[in-house]
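As stored in query_24.cif (mmCIF, C-alpha atoms):
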data_final
loop_
_atom_site.label_atom_id
_atom_site.label_comp_id
_atom_site.auth_asym_id
_atom_site.auth_seq_id
_atom_site.Cartn_x
_atom_site.Cartn_y
_atom_site.Cartn_z
CA MET A 837 62.30 154.31 120.67
CA TYR A 838 59.16 152.25 121.37
CA TYR A 839 57.33 152.94 118.12
CA PRO A 840 59.00 150.62 115.59
CA PHE A 841 56.26 151.17 112.99
CA LEU A 842 56.44 154.96 113.12
CA MET A 843 56.69 156.31 109.57
CA VAL A 844 56.70 160.11 109.91
CA ILE A 845 58.51 162.35 112.42
CA ASP A 846 58.15 166.12 112.11
CA LEU A 847 59.90 168.10 114.84
CA SER A 848 60.85 171.05 112.67
CA ASN A 849 60.70 174.68 113.78
CA ASN A 850 61.41 174.10 117.45
CA ASN A 851 64.28 174.88 119.80
CA LEU A 852 65.69 171.37 120.03
CA THR A 853 69.36 171.13 120.97
CA GLY A 854 71.99 168.44 121.24
CA PRO A 855 72.64 165.51 118.90
CA ILE A 856 70.14 163.24 117.21
CA PRO A 857 69.68 160.22 119.50
CA ASN A 858 71.14 156.99 118.19
CA SER A 859 67.90 155.23 119.09
CA MET A 860 66.33 156.95 116.08
CA GLY A 861 67.96 154.23 114.01
CA SER A 862 65.65 151.61 115.52
CA LEU A 863 62.69 152.99 113.58
CA ASP A 864 62.87 150.46 110.77
CA TRP A 865 59.79 151.77 108.97
CA LEU A 866 60.64 155.44 109.16
CA PHE A 867 60.02 157.11 105.80
CA SER A 868 60.06 160.83 106.59
CA LEU A 869 62.22 162.71 109.10
CA HIS A 870 61.85 166.49 109.50
CA LEU A 871 64.23 168.13 111.95
CA CYS A 872 64.86 171.43 110.20
CA ASN A 873 65.11 174.84 111.85
CA ASN A 874 66.31 173.74 115.28
CA SER A 875 69.64 173.97 117.08
CA LEU A 876 70.65 170.34 116.76
CA SER A 877 74.38 169.74 116.76
CA GLY A 878 77.01 167.03 116.45
CA GLU A 879 77.50 164.76 113.49
CA ILE A 880 74.73 163.07 111.54
CA PRO A 881 74.43 159.76 113.45
CA SER A 882 75.36 156.59 111.62
CA SER A 883 72.41 154.82 113.27
CA LEU A 884 70.12 156.45 110.69
CA GLN A 885 71.53 154.11 108.06
CA ASN A 886 69.31 151.44 109.60
CA CYS A 887 66.26 153.38 108.38
CA THR A 888 66.52 151.86 104.93
CA TYR A 889 63.03 153.04 103.89
CA LEU A 890 63.85 156.67 104.54
CA GLY A 891 62.71 158.75 101.56
CA PHE A 892 62.57 162.25 103.00
CA LEU A 893 65.39 163.63 105.19
CA ASP A 894 65.38 167.31 106.14
CA LEU A 895 68.16 168.39 108.52
CA GLY A 896 68.49 171.97 107.28
CA LEU A 897 68.95 175.05 109.44
CA ASN A 898 70.78 173.34 112.31
CA LYS A 899 74.35 173.17 113.58
CA PHE A 900 75.50 169.78 112.34
CA ILE A 901 79.24 169.37 111.83
CA GLY A 902 81.52 166.88 110.14
CA SER A 903 81.29 165.42 106.67
CA ILE A 904 78.31 164.27 104.67
CA PRO A 905 78.15 160.56 105.57
CA ASN A 906 79.03 158.12 102.80
CA TRP A 907 76.38 155.70 104.02
CA ILE A 908 73.57 158.04 102.92
CA GLY A 909 74.17 156.95 99.34
CA ILE A 910 74.69 153.31 100.28
CA SER A 911 72.11 152.51 102.96
CA LEU A 912 69.25 154.83 101.97
CA PRO A 913 68.45 153.78 98.38
CA SER A 914 64.87 155.12 98.58
CA LEU A 915 65.90 158.67 99.42
CA ARG A 916 64.12 161.20 97.22
CA ILE A 917 64.62 164.44 99.11
CA LEU A 918 67.81 165.30 100.98
CA ILE A 919 68.04 168.73 102.60
CA ILE A 920 71.15 169.44 104.68
CA SER A 921 71.50 173.15 103.96
CA SER A 922 72.56 175.86 106.43
CA ASN A 923 74.69 173.72 108.71
CA LYS A 924 78.43 173.52 109.37
CA LEU A 925 79.20 170.48 107.26
CA ASN A 926 82.63 170.37 105.64
CA ASN A 927 84.92 168.29 103.41
CA HIS A 928 83.96 166.98 100.00
CA ILE A 929 80.69 165.65 98.66
CA PRO A 930 80.93 161.84 98.75
CA ILE A 931 80.57 160.13 95.41
CA GLU A 932 78.43 157.50 97.12
CA LEU A 933 75.53 159.95 96.87
CA CYS A 934 75.48 159.24 93.15
CA ARG A 935 73.83 155.92 93.93
CA LEU A 936 70.65 157.78 94.85
CA THR A 937 69.06 157.49 91.43
CA GLY A 938 65.65 158.49 92.83
CA LEU A 939 66.91 161.73 94.37
CA GLN A 940 64.92 164.68 93.04
CA ILE A 941 65.84 167.42 95.54
CA PHE A 942 69.35 167.83 96.91
CA ASP A 943 69.98 170.99 98.92
CA ALA A 944 73.42 171.34 100.52
CA ALA A 945 73.68 175.13 100.32
CA ASN A 946 75.27 177.32 102.98
CA ASN A 947 77.81 174.90 104.39
CA ASN A 948 81.60 174.64 104.30
CA LEU A 949 81.84 171.97 101.62
CA SER A 950 85.00 171.85 99.52
CA GLY A 951 86.49 169.88 96.65
CA ILE A 952 84.97 169.32 93.24
CA ILE A 953 81.40 168.58 92.20
CA PRO A 954 81.21 164.81 91.62
CA ARG A 955 81.06 164.00 87.93
CA CYS A 956 78.64 161.19 88.65
CA PHE A 957 75.79 163.54 89.55
CA ASN A 958 74.27 162.61 86.21
CA ASN A 959 73.16 159.41 87.93
CA PHE A 960 70.32 161.35 89.55
CA SER A 961 67.80 159.81 87.19
CA GLN A 962 64.78 161.43 88.80
CA MET A 963 66.25 164.85 88.00
CA ALA A 964 66.76 163.71 84.44
CA THR A 965 63.22 162.67 83.55
CA LYS A 966 59.98 164.61 83.52
CA SER A 967 58.04 161.87 85.28
CA TYR A 968 55.42 162.88 87.80
CA LEU A 969 55.38 160.82 90.96
CA GLY A 970 52.02 162.20 92.04
CA PRO A 971 50.92 163.48 95.45
CA GLU A 972 50.15 159.96 96.66
CA SER A 973 53.86 159.16 96.63
CA PHE A 974 54.40 161.76 99.35
CA SER A 975 51.35 161.00 101.48
CA TYR A 976 50.56 158.38 104.09
CA ASN A 977 47.14 156.80 104.47
CA HIS A 978 45.85 159.76 102.40
CA SER A 979 46.02 161.95 105.52
CA VAL A 980 49.61 163.22 105.88
CA LEU A 981 50.88 165.12 102.87
CA GLU A 982 54.59 165.82 102.60
CA SER A 983 55.89 169.31 101.91
CA ALA A 984 59.28 170.88 101.34
CA ILE A 985 60.66 174.40 101.14
CA VAL A 986 62.83 174.80 98.06
CA ALA A 987 64.89 177.83 97.06
CA THR A 988 63.87 178.58 93.48
CA LYS A 989 64.56 181.69 91.40
CA GLY A 990 66.10 183.44 94.37
CA ARG A 991 63.17 182.89 96.70
CA GLU A 992 61.94 180.11 98.98
CA ASP A 993 58.69 178.41 98.03
CA LYS A 994 56.78 175.66 99.79
CA TYR A 995 55.64 172.67 97.71
CA ASP A 996 53.23 169.94 98.77
CA THR A 997 50.66 168.68 96.25
CA ILE A 998 53.06 169.21 93.31
CA LEU A 999 56.16 168.10 95.21
CA GLY A 1000 56.49 165.17 92.84
CA LEU A 1001 57.16 167.61 90.00
CA VAL A 1002 59.92 169.59 91.72
CA THR A 1003 63.55 168.87 90.86
CA SER A 1004 66.25 171.00 92.44
CA LEU A 1005 70.00 170.93 92.95
CA ASP A 1006 71.39 173.64 95.24
CA LEU A 1007 75.09 173.70 96.19
CA SER A 1008 75.38 177.47 96.61
CA ASN A 1009 77.49 179.31 99.16
CA ASN A 1010 80.13 176.67 99.80
CA GLY A 1011 83.81 176.35 98.97
CA LEU A 1012 83.49 174.04 95.98
CA SER A 1013 86.23 174.34 93.38
CA GLY A 1014 87.18 173.00 89.97
CA GLU A 1015 85.17 173.14 86.78
CA ILE A 1016 81.46 172.60 86.34
CA PRO A 1017 81.34 168.94 85.23
CA LYS A 1018 79.90 168.34 81.80
CA GLN A 1019 78.27 165.22 83.17
CA LEU A 1020 75.96 167.51 85.11
CA THR A 1021 74.22 168.50 81.91
CA SER A 1022 74.78 165.53 79.61
CA LEU A 1023 73.96 161.93 80.50
CA GLN A 1024 75.74 160.05 77.72
CA GLY A 1025 76.48 157.17 80.08
CA LEU A 1026 72.74 156.70 80.61
CA TRP A 1027 71.53 156.83 77.03
CA SER A 1028 70.65 153.19 77.23
CA LEU A 1029 67.99 154.19 79.73
CA ASN A 1030 66.82 157.00 77.43
CA LEU A 1031 67.61 159.69 79.97
CA ASN A 1032 68.71 163.30 79.61
CA MET A 1033 69.01 166.33 81.86
CA SER A 1034 66.39 168.33 80.02
CA SER A 1035 63.98 168.35 82.96
CA LEU A 1036 66.28 169.93 85.53
CA GLU A 1037 64.45 173.12 86.55
CA THR A 1038 66.74 174.93 88.96
CA LEU A 1039 70.52 174.85 89.32
CA ASP A 1040 72.29 177.01 91.90
CA LEU A 1041 76.10 176.84 92.17
CA SER A 1042 76.67 180.42 93.29
CA ARG A 1043 79.27 181.62 95.81
CA ASN A 1044 81.78 178.82 95.40
CA LYS A 1045 85.25 178.62 93.87
CA LEU A 1046 84.33 177.00 90.58
CA SER A 1047 86.69 177.76 87.70
CA GLY A 1048 87.02 177.14 83.98
CA LYS A 1049 84.31 177.61 81.39
CA ILE A 1050 80.58 176.97 81.55
CA PRO A 1051 79.98 173.69 79.67
CA THR A 1052 78.19 174.27 76.37
CA SER A 1053 75.84 171.36 77.09
CA ILE A 1054 74.16 173.44 79.80
CA SER A 1055 72.28 175.25 77.02
CA SER A 1056 70.43 172.00 76.29
CA LEU A 1057 68.55 172.19 79.58
CA THR A 1058 65.32 173.33 77.96
CA PHE A 1059 63.30 173.16 81.19
CA LEU A 1060 65.86 175.14 83.20
CA SER A 1061 63.96 178.05 84.73
CA HIS A 1062 66.57 179.31 87.19
CA LEU A 1063 70.36 179.25 86.91
CA ASN A 1064 72.70 180.97 89.35
CA LEU A 1065 76.47 180.78 88.77
CA SER A 1066 77.36 184.11 90.40
CA TYR A 1067 80.48 184.77 92.48
CA ASN A 1068 82.78 182.02 91.28
CA ASN A 1069 85.95 182.07 89.17
CA LEU A 1070 84.32 181.12 85.89
CA SER A 1071 85.67 182.60 82.65
CA GLY A 1072 85.08 182.61 78.91
CA GLU A 1073 81.90 182.87 76.90
CA ILE A 1074 78.42 182.15 78.17
CA PRO A 1075 77.07 179.30 75.98
CA LEU A 1076 74.42 180.24 73.45
CA GLY A 1077 70.94 179.21 74.44
CA THR A 1078 67.58 180.83 75.04
CA GLN A 1079 67.57 180.02 78.74
CA LEU A 1080 71.06 181.45 79.26
CA GLN A 1081 70.85 184.50 77.01
CA THR A 1082 67.64 185.63 78.67
CA SER A 1083 68.92 185.10 82.22
CA ASP A 1084 69.38 188.05 84.49
CA ASN A 1085 72.86 189.55 84.82
CA SER A 1086 72.85 188.73 88.53
CA SER A 1087 73.11 185.03 87.64
CA PHE A 1088 76.63 185.56 86.26
CA ILE A 1089 78.16 188.48 88.19
CA GLY A 1090 81.34 187.93 90.16
CA ASN A 1091 83.01 185.98 87.33
CA GLN A 1092 85.10 186.74 84.24
CA LEU A 1093 82.35 185.89 81.78
CA CYS A 1094 81.40 187.69 78.58
CA VAL A 1095 78.76 188.06 75.80
CA PRO A 1096 74.99 188.34 76.42
CA PRO A 1097 73.31 188.70 78.82
CA LEU A 1098 76.45 190.61 79.89
CA THR A 1099 77.68 193.60 77.87
CA LYS A 1100 81.35 192.57 78.01
CA ASN A 1101 82.81 191.16 74.80
CA CYS A 1102 85.28 188.27 74.97
CA HIS A 1103 87.79 190.18 72.83
CA GLY A 1104 88.28 192.86 75.47
CA LYS A 1105 85.81 195.30 73.90
CA ASN A 1106 82.22 196.05 74.66
CA SER A 1107 79.61 194.25 72.63
CA THR A 1108 78.74 195.76 69.26
CA THR A 1109 75.14 196.31 70.24
CA HIS A 1110 76.25 198.82 72.83
CA ARG A 1111 79.46 200.11 71.27
CA GLY A 1112 78.02 203.26 69.69
CA THR A 1113 76.19 204.32 72.80
CA GLU A 1114 79.09 203.64 75.09
CA HIS A 1115 81.47 205.48 72.69
CA GLY A 1116 79.17 208.48 72.80
CA GLU A 1117 79.10 208.34 76.56
CA GLY A 1118 82.93 208.30 76.55
CA VAL A 1119 83.04 211.42 74.37
CA ASN A 1120 80.58 213.21 76.63
CA ASP A 1121 82.63 212.32 79.66
CA GLU A 1122 85.76 213.73 78.01
CA GLU A 1123 84.01 216.98 77.07
CA GLU A 1124 82.71 217.36 80.61
CA TYR A 1125 86.21 216.82 81.98
CA TRP A 1126 87.70 219.59 79.81
CA PHE A 1127 84.78 221.89 80.62
CA ARG A 1128 85.35 221.52 84.35
CA LEU A 1129 89.09 221.95 83.88
CA GLY A 1130 88.48 225.19 81.95
CA ILE A 1131 86.37 226.57 84.80
CA VAL A 1132 89.09 225.81 87.30
CA MET A 1133 91.82 227.30 85.12
CA GLY A 1134 89.73 230.43 84.51
CA PHE A 1135 89.29 230.94 88.20
CA VAL A 1136 93.00 230.47 88.85
CA VAL A 1137 94.01 232.88 86.07
CA GLY A 1138 91.47 235.46 87.23
CA PHE A 1139 92.63 235.24 90.80
CA LEU A 1140 96.34 235.45 89.97
CA GLY A 1141 95.88 238.14 87.27
CA ILE A 1142 93.60 240.53 89.20
CA ILE A 1143 93.30 239.74 92.88
CA ALA A 1144 96.94 238.82 93.51
CA PRO A 1145 98.40 242.12 92.13
CA LEU A 1146 95.93 244.14 94.24
CA LEU A 1147 97.08 242.33 97.34
CA ALA A 1148 100.75 242.76 96.50
CA CYS A 1149 100.82 246.39 95.20
CA ARG A 1150 99.48 249.35 97.28
CA ILE A 1151 99.36 251.77 94.30
CA TRP A 1152 97.16 249.38 92.35
CA ARG A 1153 94.84 249.01 95.33
CA CYS A 1154 94.44 252.80 95.59
CA ALA A 1155 93.81 253.16 91.86
CA TYR A 1156 91.28 250.34 91.98
CA TYR A 1157 89.52 251.93 94.97
CA TRP A 1158 89.43 255.36 93.23
CA PHE A 1159 88.09 253.80 90.04
CA TRP A 1160 85.10 252.33 91.82
CA GLN A 1161 84.43 255.09 94.36
CA ASP A 1162 85.06 258.30 92.41
CA TYR A 1163 84.57 257.32 88.79
CA MET A 1164 82.15 254.40 88.57
CA LEU A 1165 80.04 255.65 91.46
CA PHE A 1166 79.59 259.07 89.78
CA LYS A 1167 78.83 257.36 86.51
CA ILE A 1168 76.11 255.23 88.09
CA VAL A 1169 74.57 258.14 90.00
CA GLY A 1170 74.61 260.33 86.86
CA TRP A 1171 72.96 257.55 84.85
CA PHE A 1172 70.27 257.14 87.51
CA ILE A 1173 69.52 260.91 87.60
CA ASN A 1174 69.27 261.11 83.79
CA PHE A 1175 66.93 258.09 83.75
CA LYS A 1176 64.73 259.66 86.44
CA ASN A 1177 64.51 263.00 84.58
CA MET A 1178 63.58 261.16 81.40
CA LEU A 1179 60.69 259.46 83.19
CA CYS A 1180 59.42 262.75 84.64
CA THR A 1181 59.29 264.57 81.27
#

Rewrite the coordinates I just gave you, this time as C-alpha cells.
Amino acid sequence: MYYPFLMVIDLSNNNLTGPIPNSMGSLDWLFSLHLCNNSLSGEIPSSLQNCTYLGFLDLGLNKFIGSIPNWIGISLPSLRILIISSNKLNNHIPIELCRLTGLQIFDAANNNLSGIIPRCFNNFSQMATKSYLGPESFSYNHSVLESAIVATKGREDKYDTILGLVTSLDLSNNGLSGEIPKQLTSLQGLWSLNLNMSSLETLDLSRNKLSGKIPTSISSLTFLSHLNLSYNNLSGEIPLGTQLQTSDNSSFIGNQLCVPPLTKNCHGKNSTTHRGTEHGEGVNDEEEYWFRLGIVMGFVVGFLGIIAPLLACRIWRCAYYWFWQDYMLFKIVGWFINFKNMLCT
C-alpha cells in the first residue's frame, strides 16, 4: 500500500475474491474499512491490528473462516462498529472483545459461533449510555458520511446521519449455548461510572442453543424496542415488563416459555384469560367428534341392516323389487291421476 494516510476504504458490494492482503495493515491512519458483500475468504488477517485508529470495520456477507481474532479487542481500542455477520466464523467469542468500551454496534449473526455469551459484555459502555456522538463523529472533512446497515425489528435499515444514536447487539443464528448472562442487562460492576443498560435498543439472540431462564433484569431495558429470543432452549416464565409483555409471540417461539405474551401457563394449564374460551372450544370439538361418529355409525347400521340382507337373500330381493314396482309404483301413479283430476274440476 502506497497511501499511508488513507482513512476510508469502501470496496463493498463487489465481486472481490481471495484473502485480505496483509499490506492493508500498513495503513496506519485507516479509520473505516468496508468490505461487505463480496466473496472474500480466508482468515481475518492479523496485519489489521496495526490499524490502531480503526473505528469502523465491516466484513459482513463474505466467506471468512476461522475464529474471531483476540487482537480485535486488544489492538483496536477505537472500534465503534464491528460487523462480521454472514460468514463462516467458528469457535467462541473471545472475551478480549469486552475491552471495546466504545463499541456501539456488534453484529456477528449468521456464523458458526459456539460456546457461551461472555459475561463481560456489560463493558460495552457505549451501548449502556444514551449519549449521542453526532454525525461529525462518523464523517471525514465534512464530506464523507459513514453509514451502516443494521438489522432492527426483523428488517434491515440503513443509518447514516443518526448512526451515532444506534446501538445494536446481534448474535442470532449461531450455535451459542448456556444461559443468557445477567451481566448483559445489569451493569453493577460499572455503577461507579453511573452506567446502566437502559439504552440498549435492539437485542437479537435467536436461533442459538441458549438454555435456562430469561434474566429478570432484562425487563429494566426501558429503551429496548426489539427483542428476539426465538428458537433456543429457554424455559420458565417471561419476566414481567412492558417491553416484554407487549412483544410479539414470534420473539419467543421455539422455546419452553410461558405467561404473556404467550398463552401457555407455567403450571401446565392455559392462562386464565383464555381458559373459558379454550374450554368452550374443547367442548365444541368433542361434540363435533361424536356427531361425525354418529353419521358413520348410522351409515354402517343402515348398510348392514338393509342392503346386506338384500344382497344375501334372493326372496328378500324379490319382495323388495315387487314392493317398489307393483305396489309403490301403482300408488304413485294413482296419486298423480287423482291430483290431475282434482285440478281439472

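Using all atoms listed in the file, the nearest neighbour of A:Trp865 within the list A:Leu842, A:Leu847, A:Leu1039, A:Cys934 is A:Leu842.
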
Kindly resolve the PyMOL selection byres ((chain A and resi 906) around 8) on the present coordinates and return the residues as a PDB file with C-alpha atoms, in the frame of the given file.
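Okay, part37.pdb is ready:
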ATOM      1  CA  ILE A 904      78.310 164.270 104.670  1.00  0.00           C
ATOM      2  CA  PRO A 905      78.150 160.560 105.570  1.00  0.00           C
ATOM      3  CA  TRP A 907      76.380 155.700 104.020  1.00  0.00           C
ATOM      4  CA  ILE A 908      73.570 158.040 102.920  1.00  0.00           C
ATOM      5  CA  GLY A 909      74.170 156.950  99.340  1.00  0.00           C
ATOM      6  CA  ILE A 910      74.690 153.310 100.280  1.00  0.00           C
ATOM      7  CA  PRO A 930      80.930 161.840  98.750  1.00  0.00           C
ATOM      8  CA  ILE A 931      80.570 160.130  95.410  1.00  0.00           C
ATOM      9  CA  GLU A 932      78.430 157.500  97.120  1.00  0.00           C
ATOM     10  CA  LEU A 933      75.530 159.950  96.870  1.00  0.00           C
TER      11      LEU A 933
END

Specify as a PyMOL selection string each residue included when the PyMOL selection byres ((chain A and resi 918) around 6) is applied to this file. chain A and resi 893+917+919+942

Work out how far apart atom CA of A:Asn958 and atom CA of A:Gly938 are and give it in Å to one decimal. 11.6 Å

Work out how far atom CA of A:Tyr889 is from atom CA of A:Arg935, in Å to one decimal. 15.0 Å

The PyMOL selection byres ((chain A and resi 921) around 9) resolved against shown file, as a VMD selection string: chain A and resid 894 to 898 919 to 920 922 to 925 943 to 947 1006 to 1007

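Checking A:Trp1171, A:Phe1127, A:Phe892, A:Phe1088 one by one against A:Leu1041, counting only C-alpha atoms, you find the shortest gap at A:Phe1088.
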
If you measure from atom CA of A:Arg1128 to atom CA of A:Leu1140, what distance in Å do you get, rounded to one decimal?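 Atom CA of A:Arg1128 sits 18.6 Å away from atom CA of A:Leu1140.
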
Pick out the closest residue to A:Pro1051 from this set: A:Leu1070, A:Leu1065, A:Ile1131, A:Ile1016. Count only C-alpha atoms.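 Going through A:Leu1070, A:Leu1065, A:Ile1131, A:Ile1016 one by one, the smallest distance to A:Pro1051 is for A:Ile1016.
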
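If only C-alpha atoms are the atoms counted, then among A:Asn858, A:Asn851, A:Asn1091, A:Asn1085 the closest residue to A:Ser1047 is A:Asn1091.
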
Name the residues within 7 Å of (74.5, 178.4, 83.9), counting only C-alpha atoms in the file's coordinates, and put them as a list in words.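 Using only C-alpha atoms, the matching residues come out as Ile1050, Ile1054, Leu1063, Asn1064, Leu1065 and Leu1080 of chain A.
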
Near A:Gly854, within 10 Å and counting all atoms listed in the file, which residues show up once chain neighbours fewer than 2 positions away are dropped, as a PDB file with C-alpha atoms, keeping the file's coordinate frame?
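Okay, this is what ended up in result_6.pdb:
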ATOM      1  CA  LEU A 852      65.690 171.370 120.030  1.00  0.00           C
ATOM      2  CA  ILE A 856      70.140 163.240 117.210  1.00  0.00           C
ATOM      3  CA  PRO A 857      69.680 160.220 119.500  1.00  0.00           C
ATOM      4  CA  ASN A 874      66.310 173.740 115.280  1.00  0.00           C
ATOM      5  CA  SER A 875      69.640 173.970 117.080  1.00  0.00           C
ATOM      6  CA  LEU A 876      70.650 170.340 116.760  1.00  0.00           C
ATOM      7  CA  SER A 877      74.380 169.740 116.760  1.00  0.00           C
ATOM      8  CA  GLY A 878      77.010 167.030 116.450  1.00  0.00           C
ATOM      9  CA  LYS A 899      74.350 173.170 113.580  1.00  0.00           C
ATOM     10  CA  PHE A 900      75.500 169.780 112.340  1.00  0.00           C
TER      11      PHE A 900
END

I'd like to know which of A:Ser1055, A:Ser1061, A:Phe867, A:Val1137 is closest to A:Leu1076, using all atoms listed in the file.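 Answer, going by the shortest atom-to-atom distance: A:Ser1055.
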
Within 9 Å of file point (67.8, 158.3, 90.0), counting only C-alpha atoms, expressed as a list in words: Arg916, Cys934, Arg935, Leu936, Thr937, Gly938, Leu939, Gln940, Asn958, Asn959, Phe960, Ser961, Gln962, Met963 and Ala964 of chain A

Write only C-alpha atoms for stretch 897-934 of chain A from the block just shown, as a compact mmCIF listing (two decimals), in the first residue's frame.
# COMPACT_ATOMS: atom_id res chain seq x y z
CA LEU A 897 -21.51 -11.10 3.82
CA ASN A 898 -18.24 -12.78 2.85
CA LYS A 899 -16.66 -16.21 3.30
CA PHE A 900 -14.20 -15.61 6.12
CA ILE A 901 -13.29 -18.65 8.21
CA GLY A 902 -11.56 -19.31 11.50
CA SER A 903 -12.13 -17.67 14.85
CA ILE A 904 -12.84 -14.08 15.76
CA PRO A 905 -9.32 -12.74 16.41
CA ASN A 906 -8.48 -11.89 20.00
CA TRP A 907 -6.43 -8.91 18.89
CA ILE A 908 -9.56 -7.04 17.75
CA GLY A 909 -10.32 -6.26 21.38
CA ILE A 910 -6.69 -5.56 22.24
CA SER A 911 -5.24 -3.62 19.30
CA LEU A 912 -8.32 -1.73 18.06
CA PRO A 913 -9.42 0.29 21.12
CA SER A 914 -11.23 2.90 18.99
CA LEU A 915 -13.54 0.41 17.32
CA ARG A 916 -17.16 1.56 17.44
CA ILE A 917 -18.80 -0.60 14.80
CA LEU A 918 -17.88 -4.23 14.20
CA ILE A 919 -19.88 -6.15 11.60
CA ILE A 920 -18.74 -9.71 10.85
CA SER A 921 -22.12 -11.28 10.12
CA SER A 922 -22.91 -13.87 7.45
CA ASN A 923 -19.50 -15.51 7.26
CA LYS A 924 -18.18 -18.92 8.29
CA LEU A 925 -16.53 -17.91 11.54
CA ASN A 926 -16.49 -20.51 14.30
CA ASN A 927 -15.36 -21.20 17.88
CA HIS A 928 -16.20 -18.99 20.83
CA ILE A 929 -16.50 -15.23 21.15
CA PRO A 930 -13.21 -14.01 22.66
CA ILE A 931 -13.54 -12.19 25.95
CA GLU A 932 -10.95 -9.71 24.72
CA LEU A 933 -13.77 -8.01 22.80
CA CYS A 934 -15.06 -6.77 26.13
